[in-house]
Amino acid sequence: MDWLSYCALWVFSFMVVTVDSTEDFTRRRLHKGWVTGNRHSVLDGIIVHEYLGIPMGKPPIGNRRFRKPEPVDPWMGQYNASKRSNACINFKDVQFGDFYGSDVWNPEEPRSEDCLYINAWIPNPGEMTEKKAIMVWIYGGGFYSGSSTLDIYDGRYLAASQNVIVVSMQYRLGILGFLNLESEEAPGNMALFDQLMGLQWVQDNAEYLYGDKNNVTIMGESAGSVSVSLHLISAKSRNLFNRAILQSGAATANWALMTVESSWYRLNKTIYSKDIGCSTITTHVPTLMKCLRSVPAGVLFDYSWAPSGIAQFSWLPSVDHDFLTELPETSLRKGNFKRCPILIGSNANEGSSFLVYEFYYQGFGPIFKSKEINFTISHSRFVNDINRAFRYYPQWPTSMNQFGKDAIAFRYTDWRNKDDSLLNRHNIDLSVGDYHFLCPTNAFSQYFVNVGLPVYYYYFTHRSTRNPWGKWMGVMHGDEIFFTFGLPIRPDSQYTEDEKLLSMHMMQLWSNFSKTGHPNGLDNGGLWSWTPASQFGKEFYELSIPSLTSPTFGSGPRTEHCAFWDSYLPGLVTGTADIHDVEKEWKEQFAEWNTYIVHWKHEYQNYMQTEYEQTKCDQQLNVQKRETGEL
């Protein structure tokens, strides 16, 4: 578009009304042009204006592949924002076939590189007395799957029930979003710059949405939560939002980042292990990029090499000396992060969603589709599964030594009854969930607590009655999303009345925090109060149906287990690396002896308890004899 046309468009935009609505459609002027969206009546007549697939960036195709995003140019005419956009090229989970439990995370829209679009839901558009808070959603999926177009992320019910503006955005995934060759051709973190562009879009368009650009909360789950944590750390993002909500993920997780060296290695594995036609190319970056850009995007994504193992994702954020100038842990230790309140937490069974795939590969796939199957494992199977689940530490390709794996198995064995197959199944779930999600989330929150910032920690423990997975999987990774986006209050949802109340409660907590910085809001009528976590108390609020009538608070969660991951295991693995064979044999014998000591100590305690009880009985008998004159 030439400059004269742009000026004409700009002048014209001020000559007409900002919003024009009919029964089904709505028209709105935005920063770059006019859009036509949908007009919905939800929740007994609340009007929501919905705009889907609004362009925010030029299609990252051709020479733009692997580069930072470029904002879209202004457009003439009306852009149709009434239907969902393409999904960014992503991994589709077909492991369990036609099964809602996994299908709910697969987008129905076509995969395409042309995917830099953004969505917005505006409630009560006729009420313009005050600007509304804006909640910006960043989806998860291990940085290789997911999409803002998923039905579960439909923002109209959160917007309508809480009178907030909801925004969600697309960002590139996998090799297309994270390849880092330390070059403008492939600088790394392109996906994070996509998100950054989305946050800038919110600032540029807040007034057109009746939103308050000074009251923006970013929120995400899993990889989306890691993204939120990185925006809290990056100086590029800090001034574009005011608060943050992190659900089951943080940059403190070992799976959250990769090195530049790892990026090169993964690219080489992709080139040489798959026939994509670039195997003769050298490390000359421009020549290499020319070849990689000639490969169809879907082929390149699908053929990208990936390590095996739980939470070992292919392409990840990295230190690019631009979005991230240093390792996140370094920034956190220095206090180099945005000072703001955060709402953060995790779920009771974070590991089961990942273990189900490990078990499937071992030939037990079909049983996980039945809600009634109560899967159990023996202790020997438990130990073997620990060895498989933790074969890499801190992440691929570094292997965990046997001392580390034995320590994990020892820590998560319930020695009161190591052959309890239900406990073994439960404890391997906890080990995976603690290491990859719960404990890193705890650790991230503690940096904010330590500098006196308000941290509201939740622990979600409700298993949905609509969960199609096996009951053994418990309260799974991502289960809280169904409640924070209001699926139970949708028409014909088939959730229980209590679950509808829980969903409304959680949406109110999330939106109150977004509006005021406190989940209770500025005035909750003298009802219970969710107080911030303290440095030593580590208080959390349990999100469950019983807590609706009797609020439940705790400390931690799982503080001792997290101390094992954060303090004990790193030192053990480092201290036992590359040790001499004789020393290794001695340590193995010591470990065996230590096990005997544990059993001996248990038996000794039983013996002492028996002796104590017998002595007490003898003393009582002697007292009775004295009273009767027998002594």
# chains A, B, ... in the order shown; residues from 1 in each chain; ligands from 1
>>> residues_around(residues="segment 78-87 of chain A", least_positions_apart="3", cutoff="8 Å", atoms="only C-alpha atoms", output="list in words")
Gly33, Trp34, Val35, Thr36, Gly37, Asn38, Glu50, Tyr51, Leu52, Gly53, Ile54, Trp75, Asn90, Pro107, Glu109, Pro110, Arg111, Ser112, Asp114, Cys115, Tyr117, Ser147, Ser148, Thr149 and Gln170 of chain A
>>> residues_around(residues="His505 of chain A", least_positions_apart="6", cutoff="9 Å", atoms="only C-alpha atoms", output="list in words")
Phe483, Thr484 and Leu548 of chain A
>>> closest_residue(among="A:Thr461, A:Asn450, A:Ser352, A:Asn520", to="Ser534 of chain A", atoms="only C-alpha atoms")
A:Asn450
>>> residues_around(residues="segment 126-132 of chain A", least_positions_apart="3", cutoff="7 Å", atoms="only C-alpha atoms", output="list of chain:residue names")
A:Val164, A:Ile165, A:Tyr210, A:Gly211, A:Asp212
>>> write_last_selection(atoms="C-alpha atoms", output="mmCIF file, in the first residue's frame")
data_model
loop_
_atom_site.group_PDB
_atom_site.id
_atom_site.type_symbol
_atom_site.label_atom_id
_atom_site.label_comp_id
_atom_site.auth_asym_id
_atom_site.auth_seq_id
_atom_site.Cartn_x
_atom_site.Cartn_y
_atom_site.Cartn_z
ATOM 1 C CA VAL A 164 -13.268 -8.879 30.769
ATOM 2 C CA ILE A 165 -11.784 -8.745 27.284
ATOM 3 C CA TYR A 210 -12.831 -0.684 24.971
ATOM 4 C CA GLY A 211 -9.922 -2.173 26.903
ATOM 5 C CA ASP A 212 -7.463 -0.705 29.378
#
>>> residues_around(residues="Leu324 of chain A", least_positions_apart="2", cutoff="10 Å", atoms="only C-alpha atoms", output="ChimeraX atom specification")
/A:189,192,230-231,233-236,317-322,326-328,331
>>> atom_distance(atom1="atom CA of Ala160 of chain A", atom2="atom CA of Gln494 of chain A")
20.0 Å
>>> closest_atom_pairs(of="segment 298-395 of chain A", to="segment 409-429 of chain A", cutoff="9 Å", atoms="only C-alpha atoms", output="JSON lines")
{"residue": "A:Asn349", "atom": "CA", "partner": "A:Asp429", "partner_atom": "CA", "distance": 6.5}
{"residue": "A:Glu350", "atom": "CA", "partner": "A:Asp429", "partner_atom": "CA", "distance": 7.3}
{"residue": "A:Gly351", "atom": "CA", "partner": "A:Asp429", "partner_atom": "CA", "distance": 4.8}
{"residue": "A:Ser352", "atom": "CA", "partner": "A:Asp429", "partner_atom": "CA", "distance": 5.4}
{"residue": "A:Ser353", "atom": "CA", "partner": "A:Asp429", "partner_atom": "CA", "distance": 8.9}
{"residue": "A:Phe354", "atom": "CA", "partner": "A:Asp429", "partner_atom": "CA", "distance": 8.9}
{"residue": "A:Leu355", "atom": "CA", "partner": "A:Asp429", "partner_atom": "CA", "distance": 7.1}
{"residue": "A:Asn374", "atom": "CA", "partner": "A:Leu422", "partner_atom": "CA", "distance": 8.4}
{"residue": "A:Phe375", "atom": "CA", "partner": "A:Arg425", "partner_atom": "CA", "distance": 7.4}
{"residue": "A:Thr376", "atom": "CA", "partner": "A:Ser421", "partner_atom": "CA", "distance": 5.1}
{"residue": "A:Ile377", "atom": "CA", "partner": "A:Ser421", "partner_atom": "CA", "distance": 4.9}
{"residue": "A:Ser378", "atom": "CA", "partner": "A:Ser421", "partner_atom": "CA", "distance": 5.1}
{"residue": "A:His379", "atom": "CA", "partner": "A:Asp419", "partner_atom": "CA", "distance": 5.6}
{"residue": "A:Ser380", "atom": "CA", "partner": "A:Asp419", "partner_atom": "CA", "distance": 8.8}
{"residue": "A:Arg381", "atom": "CA", "partner": "A:Asn424", "partner_atom": "CA", "distance": 8.7}
{"residue": "A:Phe382", "atom": "CA", "partner": "A:Asn424", "partner_atom": "CA", "distance": 6.1}
{"residue": "A:Val383", "atom": "CA", "partner": "A:Ala409", "partner_atom": "CA", "distance": 5.9}
{"residue": "A:Asp385", "atom": "CA", "partner": "A:Ile428", "partner_atom": "CA", "distance": 7.7}
{"residue": "A:Ile386", "atom": "CA", "partner": "A:Ala409", "partner_atom": "CA", "distance": 6.3}
{"residue": "A:Asn387", "atom": "CA", "partner": "A:Ala409", "partner_atom": "CA", "distance": 8.3}
{"residue": "A:Ala389", "atom": "CA", "partner": "A:Ile428", "partner_atom": "CA", "distance": 8.9}
>>> write_last_selection(atoms="C-alpha atoms", output="PDB file, in the first residue's frame")
ATOM      1  CA  ASN A 349      -1.335 -35.466  38.852  1.00  0.00           C
ATOM      2  CA  GLU A 350       0.823 -33.580  36.362  1.00  0.00           C
ATOM      3  CA  GLY A 351       2.765 -36.662  35.264  1.00  0.00           C
ATOM      4  CA  SER A 352       0.015 -39.039  34.151  1.00  0.00           C
ATOM      5  CA  SER A 353      -0.613 -37.296  30.803  1.00  0.00           C
ATOM      6  CA  PHE A 354       2.956 -38.110  29.788  1.00  0.00           C
ATOM      7  CA  LEU A 355       3.255 -41.540  31.367  1.00  0.00           C
ATOM      8  CA  ASN A 374      -7.437 -48.859  37.473  1.00  0.00           C
ATOM      9  CA  PHE A 375      -3.945 -49.510  36.168  1.00  0.00           C
ATOM     10  CA  THR A 376      -1.372 -50.814  38.678  1.00  0.00           C
ATOM     11  CA  ILE A 377       2.320 -51.743  38.622  1.00  0.00           C
ATOM     12  CA  SER A 378       4.609 -53.925  40.727  1.00  0.00           C
ATOM     13  CA  HIS A 379       7.633 -52.470  42.507  1.00  0.00           C
ATOM     14  CA  SER A 380      10.050 -54.045  40.035  1.00  0.00           C
ATOM     15  CA  ARG A 381       8.036 -52.499  37.199  1.00  0.00           C
ATOM     16  CA  PHE A 382       8.048 -49.220  39.124  1.00  0.00           C
ATOM     17  CA  VAL A 383      11.861 -49.249  39.276  1.00  0.00           C
ATOM     18  CA  ASP A 385       9.696 -47.255  34.717  1.00  0.00           C
ATOM     19  CA  ILE A 386      11.726 -44.813  36.813  1.00  0.00           C
ATOM     20  CA  ASN A 387      14.798 -45.806  34.819  1.00  0.00           C
ATOM     21  CA  ALA A 389      11.268 -41.942  32.644  1.00  0.00           C
TER      22      ALA A 389
END
>>> residues_around(residues="Val216 of chain A", least_positions_apart="2", cutoff="12 Å", atoms="only C-alpha atoms", output="number ranges by chain")
A: 131-137, 164-167, 199-203, 206, 211-214, 218-219, 238-245, 340, 511, 513-517
>>> closest_residue(among="A:Ser503, A:Asn119, A:Thr441, A:Asn347", to="Ala256 of chain A", atoms="only C-alpha atoms")
A:Thr441
>>> residues_around(residues="Lys32 of chain A", least_positions_apart="4", cutoff="9 Å", atoms="only C-alpha atoms", output="short mmCIF file (atom, residue, chain, number, x, y, z; two decimals) with C-alpha atoms, in the first residue's frame")
data_model
loop_
_atom_site.label_atom_id
_atom_site.label_comp_id
_atom_site.auth_asym_id
_atom_site.auth_seq_id
_atom_site.Cartn_x
_atom_site.Cartn_y
_atom_site.Cartn_z
CA TRP A 10 -6.60 6.74 8.10
CA MET A 56 -1.22 -9.33 13.24
CA VAL A 72 0.99 -6.70 9.02
CA ASP A 73 0.40 -3.65 6.83
CA PRO A 74 -2.86 -1.66 7.10
CA TRP A 75 -5.62 -3.02 4.87
CA MET A 76 -8.44 -1.48 2.87
CA ASN A 205 -5.74 -1.89 19.81
#
>>> closest_residue(among="A:Gly97, A:Gly404, A:Lys269, A:Glu499", to="Ala577 of chain A", atoms="only C-alpha atoms")
A:Gly404
>>> atom_distance(atom1="atom CA of Asp154 of chain A", atom2="atom CA of Phe485 of chain A")
7.2 Å
>>> select_by_dssp(residues="segment 220-410 of chain A", states="strand (DSSP E or B)", output="PyMOL selection string")
chain A and resi 220-221+243-247+342-347+349+392+399
>>> select_by_dssp(residues="segment 34-200 of chain A", states="helix (DSSP H, G or I)", output="JSON, numbers by chain")
{"A": [62, 63, 64, 100, 101, 102, 103, 151, 152, 153, 156, 157, 158, 159, 160, 161, 162, 174, 175, 176, 177, 178, 190, 191, 192, 193, 194, 195, 196, 197, 198, 199, 200]}
>>> write_last_selection(atoms="N, CA and C atoms", output="compact mmCIF listing (two decimals), in the first residue's frame")
# COMPACT_ATOMS: atom_id res chain seq x y z
N GLY A 62 8.38 -18.09 2.63
CA GLY A 62 9.46 -17.71 1.74
C GLY A 62 10.67 -17.24 2.51
N ASN A 63 11.16 -16.06 2.19
CA ASN A 63 12.35 -15.54 2.84
C ASN A 63 12.11 -15.15 4.29
N ARG A 64 10.83 -15.07 4.70
CA ARG A 64 10.53 -14.73 6.10
C ARG A 64 10.56 -15.96 7.01
N TYR A 100 -11.61 -38.54 22.43
CA TYR A 100 -11.77 -37.14 22.84
C TYR A 100 -10.64 -36.69 23.77
N GLY A 101 -10.15 -37.58 24.61
CA GLY A 101 -9.12 -37.21 25.57
C GLY A 101 -7.90 -36.59 24.92
N SER A 102 -7.52 -37.08 23.73
CA SER A 102 -6.39 -36.51 23.01
C SER A 102 -6.85 -35.57 21.89
N ASP A 103 -8.00 -35.85 21.28
CA ASP A 103 -8.49 -35.02 20.18
C ASP A 103 -8.78 -33.59 20.61
N ASP A 151 -11.21 -25.39 20.39
CA ASP A 151 -12.53 -25.04 20.93
C ASP A 151 -12.46 -24.80 22.43
N ILE A 152 -11.57 -25.50 23.11
CA ILE A 152 -11.45 -25.34 24.56
C ILE A 152 -11.04 -23.93 24.94
N TYR A 153 -10.40 -23.19 24.00
CA TYR A 153 -9.95 -21.83 24.27
C TYR A 153 -10.95 -20.77 23.80
N ARG A 156 -15.45 -16.68 24.82
CA ARG A 156 -16.69 -15.91 25.01
C ARG A 156 -17.29 -16.10 26.39
N TYR A 157 -17.13 -17.30 27.01
CA TYR A 157 -17.77 -17.56 28.30
C TYR A 157 -16.99 -16.90 29.44
N LEU A 158 -15.67 -16.90 29.36
CA LEU A 158 -14.87 -16.17 30.33
C LEU A 158 -15.15 -14.68 30.21
N ALA A 159 -15.20 -14.17 28.98
CA ALA A 159 -15.46 -12.75 28.77
C ALA A 159 -16.83 -12.34 29.29
N ALA A 160 -17.85 -13.13 28.94
CA ALA A 160 -19.22 -12.77 29.31
C ALA A 160 -19.45 -12.86 30.81
N SER A 161 -18.97 -13.93 31.43
CA SER A 161 -19.25 -14.15 32.85
C SER A 161 -18.49 -13.20 33.75
N GLN A 162 -17.34 -12.71 33.29
CA GLN A 162 -16.49 -11.89 34.15
C GLN A 162 -16.31 -10.45 33.66
N GLY A 174 7.83 -25.60 16.93
CA GLY A 174 8.87 -26.50 16.44
C GLY A 174 10.04 -25.77 15.82
N ILE A 175 10.64 -26.39 14.82
CA ILE A 175 11.81 -25.84 14.15
C ILE A 175 11.49 -24.48 13.52
N LEU A 176 10.26 -24.27 13.11
CA LEU A 176 9.87 -23.01 12.47
C LEU A 176 9.82 -21.86 13.47
N GLY A 177 9.67 -22.18 14.74
CA GLY A 177 9.58 -21.14 15.76
C GLY A 177 10.81 -20.97 16.62
N PHE A 178 11.77 -21.93 16.56
CA PHE A 178 12.84 -21.90 17.54
C PHE A 178 14.24 -22.21 17.02
N MET A 190 11.91 -17.12 17.53
CA MET A 190 10.95 -16.43 16.66
C MET A 190 9.54 -16.52 17.23
N ALA A 191 9.21 -17.65 17.86
CA ALA A 191 7.88 -17.82 18.44
C ALA A 191 7.63 -16.83 19.57
N LEU A 192 8.65 -16.56 20.36
CA LEU A 192 8.50 -15.60 21.45
C LEU A 192 8.33 -14.19 20.91
N PHE A 193 8.98 -13.90 19.79
CA PHE A 193 8.77 -12.60 19.14
C PHE A 193 7.38 -12.53 18.51
N ASP A 194 6.84 -13.67 18.06
CA ASP A 194 5.44 -13.70 17.61
C ASP A 194 4.52 -13.29 18.76
N GLN A 195 4.76 -13.87 19.93
CA GLN A 195 3.96 -13.54 21.11
C GLN A 195 4.15 -12.07 21.49
N LEU A 196 5.39 -11.61 21.41
CA LEU A 196 5.68 -10.21 21.72
C LEU A 196 4.90 -9.28 20.79
N MET A 197 4.83 -9.65 19.51
CA MET A 197 4.05 -8.88 18.55
C MET A 197 2.58 -8.87 18.94
N GLY A 198 2.09 -10.01 19.46
CA GLY A 198 0.71 -10.07 19.93
C GLY A 198 0.46 -9.14 21.11
N LEU A 199 1.43 -9.07 22.03
CA LEU A 199 1.29 -8.17 23.17
C LEU A 199 1.30 -6.71 22.72
N GLN A 200 2.13 -6.40 21.72
CA GLN A 200 2.14 -5.04 21.18
C GLN A 200 0.82 -4.75 20.48
